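Asker: See coords-v3.cif below, with mmCIF, C-alpha atoms.
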data_protein
#
loop_
_atom_site.label_atom_id
_atom_site.label_comp_id
_atom_site.auth_asym_id
_atom_site.auth_seq_id
_atom_site.Cartn_x
_atom_site.Cartn_y
_atom_site.Cartn_z
CA MET A 1 -94.73 7.45 26.77
CA THR A 2 -97.06 7.08 29.76
CA LEU A 3 -100.21 9.18 30.17
CA HIS A 4 -98.55 11.16 32.96
CA GLU A 5 -95.54 11.90 30.75
CA LEU A 6 -97.82 12.88 27.87
CA VAL A 7 -99.81 15.31 30.02
CA SER A 8 -96.61 16.80 31.45
CA TYR A 9 -95.16 17.25 27.96
CA HIS A 10 -98.19 19.12 26.66
CA LEU A 11 -98.45 21.25 29.80
CA ARG A 12 -94.81 22.22 29.33
CA GLN A 13 -95.54 23.22 25.73
CA LEU A 14 -98.47 25.36 26.84
CA ARG A 15 -96.32 27.03 29.52
CA GLU A 16 -93.52 27.77 27.09
CA HIS A 17 -96.01 29.45 24.75
CA GLU A 18 -97.47 31.39 27.73
CA LEU A 19 -100.94 29.95 27.21
CA VAL A 20 -101.17 28.57 30.74
CA THR A 21 -99.74 29.67 34.06
CA GLU A 22 -98.79 27.39 36.92
CA ARG A 23 -98.84 27.92 40.66
CA ARG A 24 -97.83 25.46 43.36
CA SER A 25 -100.49 25.12 46.01
CA SER A 26 -99.80 27.03 49.20
CA ALA A 27 -101.83 24.42 51.10
CA ASP A 28 -100.21 21.26 49.70
CA GLY A 29 -96.91 21.76 47.90
CA ARG A 30 -97.36 18.50 45.99
CA ASP A 31 -100.19 20.05 43.98
CA VAL A 32 -99.65 22.41 41.05
CA TYR A 33 -102.53 24.40 39.59
CA TYR A 34 -102.53 25.12 35.87
CA SER A 35 -104.71 27.96 34.65
CA LEU A 36 -105.46 29.04 31.09
CA ASP A 37 -104.33 32.63 30.48
CA LEU A 38 -107.52 33.78 28.77
CA GLY A 39 -106.32 37.35 28.34
CA HIS A 40 -103.21 36.30 26.46
CA LEU A 41 -105.15 33.74 24.45
CA GLN A 42 -107.67 36.41 23.45
CA THR A 43 -104.83 38.68 22.29
CA LEU A 44 -103.34 35.90 20.16
CA TYR A 45 -106.77 35.04 18.76
CA LEU A 46 -107.50 38.64 17.74
CA THR A 47 -104.01 39.10 16.31
CA SER A 48 -104.44 35.97 14.19
CA GLY A 49 -107.83 37.18 13.01
CA ARG A 50 -106.45 40.54 11.92
CA ALA A 51 -103.65 38.78 10.05
CA LEU A 52 -106.16 36.66 8.14
CA HIS A 53 -108.64 39.44 7.32
CA PRO A 54 -109.48 42.78 9.01
CA ALA A 55 -113.20 42.00 8.88
CA LEU A 56 -112.75 39.10 11.29
CA THR A 57 -112.05 41.46 14.19
CA ALA A 58 -113.90 44.54 13.02
CA ALA A 59 -116.31 44.24 15.92
CA SER A 60 -114.67 44.47 19.34
CA VAL A 61 -115.04 41.51 21.67
CA PRO A 62 -116.92 42.58 24.82
CA SER A 63 -115.21 41.90 28.14
CA PHE A 64 -118.51 40.52 29.44
CA LEU A 65 -122.04 40.11 28.22
CA PRO A 66 -124.80 41.45 30.52
CA HIS A 67 -127.92 39.32 30.29
CA THR A 68 -130.92 38.19 32.25
CA ALA A 69 -129.56 34.69 32.86
CA VAL A 70 -126.73 35.78 35.18
CA PRO A 71 -126.89 33.61 38.34
CA ARG A 72 -128.40 35.51 41.21
CA ARG A 73 -126.06 34.60 44.10
CA PHE A 74 -122.24 34.42 44.24
CA LEU A 75 -119.95 33.69 47.21
CA PHE A 76 -116.16 34.18 47.28
CA LEU A 77 -114.08 32.47 49.95
CA CYS A 78 -110.53 32.86 51.25
CA THR A 79 -108.89 32.38 54.62
CA HIS A 80 -109.00 35.85 56.17
CA ASN A 81 -111.58 37.49 53.89
CA SER A 82 -109.33 40.52 53.82
CA ALA A 83 -107.94 40.81 50.27
CA ARG A 84 -108.60 38.32 47.46
CA SER A 85 -112.22 37.51 48.27
CA GLN A 86 -113.00 41.12 49.16
CA LEU A 87 -111.59 42.34 45.84
CA ALA A 88 -113.52 39.65 43.97
CA GLU A 89 -116.72 40.68 45.74
CA GLY A 90 -116.30 44.35 44.89
CA ILE A 91 -115.26 43.75 41.28
CA LEU A 92 -118.09 41.35 40.48
CA ARG A 93 -120.65 43.60 42.12
CA SER A 94 -119.58 46.35 39.71
CA LEU A 95 -120.15 44.06 36.71
CA VAL A 96 -123.58 42.61 37.41
CA PRO A 97 -127.10 44.02 37.90
CA ALA A 98 -127.88 45.46 41.33
CA ASP A 99 -130.24 42.62 42.24
CA VAL A 100 -127.47 39.99 41.99
CA VAL A 101 -126.23 39.01 45.46
CA VAL A 102 -122.42 39.00 45.78
CA GLN A 103 -120.85 38.08 49.12
CA SER A 104 -117.51 36.98 50.50
CA ALA A 105 -116.36 35.20 53.65
CA GLY A 106 -113.38 33.53 55.29
CA SER A 107 -112.58 30.54 57.46
CA HIS A 108 -110.65 32.88 59.80
CA PRO A 109 -111.95 36.36 58.95
CA THR A 110 -110.15 39.51 60.04
CA ALA A 111 -110.83 42.85 58.31
CA VAL A 112 -110.61 44.35 54.84
CA HIS A 113 -106.95 45.17 54.15
CA PRO A 114 -106.22 48.87 53.51
CA LEU A 115 -104.16 47.99 50.43
CA ALA A 116 -107.09 46.02 49.02
CA ILE A 117 -109.20 49.15 49.37
CA GLU A 118 -106.48 51.19 47.67
CA ALA A 119 -106.09 48.71 44.82
CA ALA A 120 -109.85 48.70 44.26
CA GLN A 121 -109.83 52.50 44.13
CA THR A 122 -107.25 52.31 41.33
CA LEU A 123 -109.82 50.28 39.37
CA GLY A 124 -112.47 52.89 40.15
CA LEU A 125 -114.18 50.82 42.85
CA ASP A 126 -115.01 51.56 46.48
CA ILE A 127 -114.89 48.52 48.79
CA SER A 128 -114.26 50.50 51.95
CA GLN A 129 -117.73 49.69 53.29
CA GLN A 130 -117.36 45.93 52.84
CA ARG A 131 -116.95 43.83 55.96
CA SER A 132 -115.34 40.46 56.70
CA ASN A 133 -117.69 37.54 57.35
CA HIS A 134 -117.23 34.08 58.78
CA LEU A 135 -117.92 31.21 56.42
CA SER A 136 -120.13 29.47 58.98
CA ASP A 137 -122.53 32.43 59.00
CA LEU A 138 -123.39 31.84 55.33
CA LEU A 139 -123.66 28.05 55.19
CA ASN A 140 -127.45 28.07 55.35
CA GLN A 141 -127.81 30.49 52.46
CA PRO A 142 -128.26 29.27 48.87
CA PHE A 143 -125.61 30.21 46.26
CA ASP A 144 -125.41 29.56 42.55
CA TYR A 145 -121.62 29.85 42.51
CA VAL A 146 -119.08 29.42 45.32
CA ILE A 147 -115.56 30.41 44.27
CA THR A 148 -112.58 29.73 46.52
CA VAL A 149 -109.63 32.04 45.83
CA CYS A 150 -107.02 30.58 48.16
CA ASP A 151 -105.67 27.05 48.47
CA GLN A 152 -106.06 26.78 52.25
CA VAL A 153 -109.78 27.51 52.28
CA ARG A 154 -110.31 25.08 49.41
CA GLU A 155 -109.05 22.32 51.70
CA VAL A 156 -111.63 23.15 54.37
CA CYS A 157 -114.48 24.34 52.17
CA PRO A 158 -117.72 22.67 53.22
CA THR A 159 -119.93 20.82 50.77
CA PHE A 160 -122.69 22.89 49.24
CA PRO A 161 -125.90 21.59 47.63
CA ALA A 162 -125.59 19.84 44.27
CA THR A 163 -127.18 22.84 42.58
CA THR A 164 -124.21 25.00 43.60
CA GLN A 165 -121.31 25.28 41.17
CA GLN A 166 -118.02 25.24 43.12
CA ILE A 167 -114.91 26.69 41.45
CA HIS A 168 -111.35 27.08 42.69
CA TRP A 169 -109.00 29.85 41.58
CA SER A 170 -105.50 29.40 43.02
CA LEU A 171 -104.26 32.94 43.70
CA ALA A 172 -101.18 34.01 45.62
CA ASP A 173 -101.90 35.92 48.83
CA PRO A 174 -100.89 39.57 48.34
CA THR A 175 -100.73 40.07 52.11
CA ALA A 176 -97.77 37.65 52.20
CA VAL A 177 -95.65 39.88 49.97
CA SER A 178 -92.84 41.66 51.78
CA GLY A 179 -90.72 44.53 50.58
CA SER A 180 -91.28 48.22 50.10
CA PRO A 181 -94.76 49.79 50.39
CA THR A 182 -94.75 50.16 46.61
CA GLU A 183 -94.02 46.45 46.11
CA GLN A 184 -96.73 45.49 48.58
CA TYR A 185 -99.29 47.72 46.88
CA GLN A 186 -98.32 46.35 43.46
CA ALA A 187 -99.08 42.82 44.70
CA PHE A 188 -102.61 43.89 45.64
CA LEU A 189 -103.11 45.75 42.36
CA THR A 190 -101.90 42.76 40.34
CA THR A 191 -104.33 40.52 42.23
CA ALA A 192 -107.19 42.96 41.61
CA GLN A 193 -106.41 43.17 37.89
CA HIS A 194 -106.14 39.40 37.63
CA LEU A 195 -109.50 38.96 39.34
CA GLN A 196 -111.10 41.56 37.11
CA THR A 197 -109.99 39.67 34.01
CA ARG A 198 -111.15 36.32 35.37
CA LEU A 199 -114.53 37.65 36.40
CA GLN A 200 -115.13 39.30 33.05
CA PHE A 201 -114.40 36.03 31.29
CA LEU A 202 -116.57 34.14 33.77
CA LEU A 203 -119.53 36.36 32.92
CA THR A 204 -118.83 35.88 29.23
CA ALA A 205 -118.90 32.11 29.76
CA LEU A 206 -122.14 32.36 31.72
CA ALA A 207 -123.69 34.43 28.94
CA ALA A 208 -122.76 31.70 26.47
CA GLN A 209 -124.85 29.27 28.52
CA GLN A 210 -127.95 30.89 27.07
CA THR A 211 -127.34 28.75 23.98
CA ASP A 212 -125.17 26.02 25.53
CA PRO A 213 -126.21 24.77 29.01
CA THR A 214 -122.81 23.19 29.71
CA PRO A 215 -121.26 24.80 32.85
CA PRO A 216 -118.33 27.13 32.08
CA LYS A 217 -114.89 25.55 32.39
CA THR A 218 -113.33 27.96 34.86
CA GLU A 219 -111.89 25.71 37.57
CA GLU A 220 -108.17 25.20 37.56
CA ILE A 221 -106.85 21.70 37.08
CA PRO A 222 -104.65 20.39 39.91
CA HIS A 223 -101.72 18.32 38.67
CA VAL A 224 -99.76 16.26 41.18
#
Output the file's structure in the form of structure tokens.
Answerer:
Amino acid sequence: MTLHELVSYHLRQLREHELVTERRSSADGRDVYYSLDLGHLQTLYLTSGRALHPALTAASVPSFLPHTAVPRRFLFLCTHNSARSQLAEGILRSLVPADVVVQSAGSHPTAVHPLAIEAAQTLGLDISQQRSNHLSDLLNQPFDYVITVCDQVREVCPTFPATTQQIHWSLADPTAVSGSPTEQYQAFLTTAQHLQTRLQFLLTALAAQQTDPTPPKTEEIPHV
């Protein structure tokens, strides 16, 4: 069995057990992004712990760990800076101290989508005052983390300083969903909930760096 066949076999096993999700790149259809489903893995982990002994899960696992070592500047990027990156900006801002800078931008910015605002409201967040920004306007600013949330902008994302951690999260564009108003709104809400989970786990990973300086493994792995 070749290395490629071995990797494909194990990825298939992980998919069948719902431990990873896959999404074909919307920028280059030859690429497939595999992402660990941390929420489902956490559920399985806690269920196993309870089965072994109740004391193992007596203390609830926090969704994120607030701490003084949270990076001070985050930037989220997508193409139009209208939905995914705007939701990510609003959600992360609600999870971190007020002095942490959270911004978003796009390669072809438009305006914040009304359904993104509505989906955020469902999560108890108000992003109605956020505005779309052009990526070029922020290139001269320093960021600790730059997170691309769409495949197209990942292809054109400029190079940031070596001190900047760049992460890619391959997320489907909710604005591309057709159908009834309810179906369209559900696409935005699903995206918002997915981002909320990812960001909570990202902060948990960053908190763990207080004792382990290794950068958190949050970037999806492209598999051709």
Asker: Please evaluate the PyMOL selection byres ((chain A and resi 119) around 12) against the displayed coordinates and give the resulting residues as an MDAnalysis selection string.
Answerer: chainID A and resid 83:84 86:88 90:91 112:118 120:128 174 182 184:196
Asker: What does the file look like for those residues with C-alpha atoms, as a PDB file, in the frame of the given file?
Answerer:
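So the final result, stored in result.pdb, reads:
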ATOM      1  CA  ALA A  83    -107.940  40.810  50.270  1.00  0.00           C
ATOM      2  CA  ARG A  84    -108.600  38.320  47.460  1.00  0.00           C
ATOM      3  CA  GLN A  86    -113.000  41.120  49.160  1.00  0.00           C
ATOM      4  CA  LEU A  87    -111.590  42.340  45.840  1.00  0.00           C
ATOM      5  CA  ALA A  88    -113.520  39.650  43.970  1.00  0.00           C
ATOM      6  CA  GLY A  90    -116.300  44.350  44.890  1.00  0.00           C
ATOM      7  CA  ILE A  91    -115.260  43.750  41.280  1.00  0.00           C
ATOM      8  CA  VAL A 112    -110.610  44.350  54.840  1.00  0.00           C
ATOM      9  CA  HIS A 113    -106.950  45.170  54.150  1.00  0.00           C
ATOM     10  CA  PRO A 114    -106.220  48.870  53.510  1.00  0.00           C
ATOM     11  CA  LEU A 115    -104.160  47.990  50.430  1.00  0.00           C
ATOM     12  CA  ALA A 116    -107.090  46.020  49.020  1.00  0.00           C
ATOM     13  CA  ILE A 117    -109.200  49.150  49.370  1.00  0.00           C
ATOM     14  CA  GLU A 118    -106.480  51.190  47.670  1.00  0.00           C
ATOM     15  CA  ALA A 120    -109.850  48.700  44.260  1.00  0.00           C
ATOM     16  CA  GLN A 121    -109.830  52.500  44.130  1.00  0.00           C
ATOM     17  CA  THR A 122    -107.250  52.310  41.330  1.00  0.00           C
ATOM     18  CA  LEU A 123    -109.820  50.280  39.370  1.00  0.00           C
ATOM     19  CA  GLY A 124    -112.470  52.890  40.150  1.00  0.00           C
ATOM     20  CA  LEU A 125    -114.180  50.820  42.850  1.00  0.00           C
ATOM     21  CA  ASP A 126    -115.010  51.560  46.480  1.00  0.00           C
ATOM     22  CA  ILE A 127    -114.890  48.520  48.790  1.00  0.00           C
ATOM     23  CA  SER A 128    -114.260  50.500  51.950  1.00  0.00           C
ATOM     24  CA  PRO A 174    -100.890  39.570  48.340  1.00  0.00           C
ATOM     25  CA  THR A 182     -94.750  50.160  46.610  1.00  0.00           C
ATOM     26  CA  GLN A 184     -96.730  45.490  48.580  1.00  0.00           C
ATOM     27  CA  TYR A 185     -99.290  47.720  46.880  1.00  0.00           C
ATOM     28  CA  GLN A 186     -98.320  46.350  43.460  1.00  0.00           C
ATOM     29  CA  ALA A 187     -99.080  42.820  44.700  1.00  0.00           C
ATOM     30  CA  PHE A 188    -102.610  43.890  45.640  1.00  0.00           C
ATOM     31  CA  LEU A 189    -103.110  45.750  42.360  1.00  0.00           C
ATOM     32  CA  THR A 190    -101.900  42.760  40.340  1.00  0.00           C
ATOM     33  CA  THR A 191    -104.330  40.520  42.230  1.00  0.00           C
ATOM     34  CA  ALA A 192    -107.190  42.960  41.610  1.00  0.00           C
ATOM     35  CA  GLN A 193    -106.410  43.170  37.890  1.00  0.00           C
ATOM     36  CA  HIS A 194    -106.140  39.400  37.630  1.00  0.00           C
ATOM     37  CA  LEU A 195    -109.500  38.960  39.340  1.00  0.00           C
ATOM     38  CA  GLN A 196    -111.100  41.560  37.110  1.00  0.00           C
TER      39      GLN A 196
END
Asker: What is the CA of Gln130 in chain A-CA of Gly179 in chain A distance in Å, reported with one decimal?
Answerer: 26.8 Å
Asker: Return as a count of residues only the set of residues that the PyMOL selection byres ((chain A and resi 28) around 12) yields on the displayed structure.
Answerer: 20
Asker: Kindly give the distance, in Å, that separates CA of His168 in chain A and CA of Thr148 in chain A, rounded to a single decimal.
Answerer: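 Calculated distance between CA of His168 in chain A and CA of Thr148 in chain A is 4.8 Å.
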Asker: At what distance in Å, to one decimal, does CA of Asp99 in chain A lie from CA of Tyr145 in chain A?
Answerer: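 A separation of 15.4 Å between them.
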Asker: Fewer than 4 positions away in the same chain doesn't count, so skip those; otherwise give me all residues within 10 Å of range 133-144 of chain A, counting all atoms listed in the file, as a ChimeraX atom specification.
Answerer: /A:70-82,101-111,153,157-166
Asker: Let me make sure I understand: among A:His17, A:Trp169, A:Arg131, A:Gln200, which one has the smallest atom-to-atom distance to Leu44 in chain A if we use only C-alpha atoms?
Answerer: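 Ranking A:His17, A:Trp169, A:Arg131, A:Gln200 by distance to Leu44 in chain A, first place goes to A:His17.
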Asker: Could you tell me which residues the PyMOL selection byres ((chain A and resi 18-21) around 7) grabs in this file, written as a PyMOL selection string?
Answerer: chain A and resi 14-17+22-23+34-37+40-41
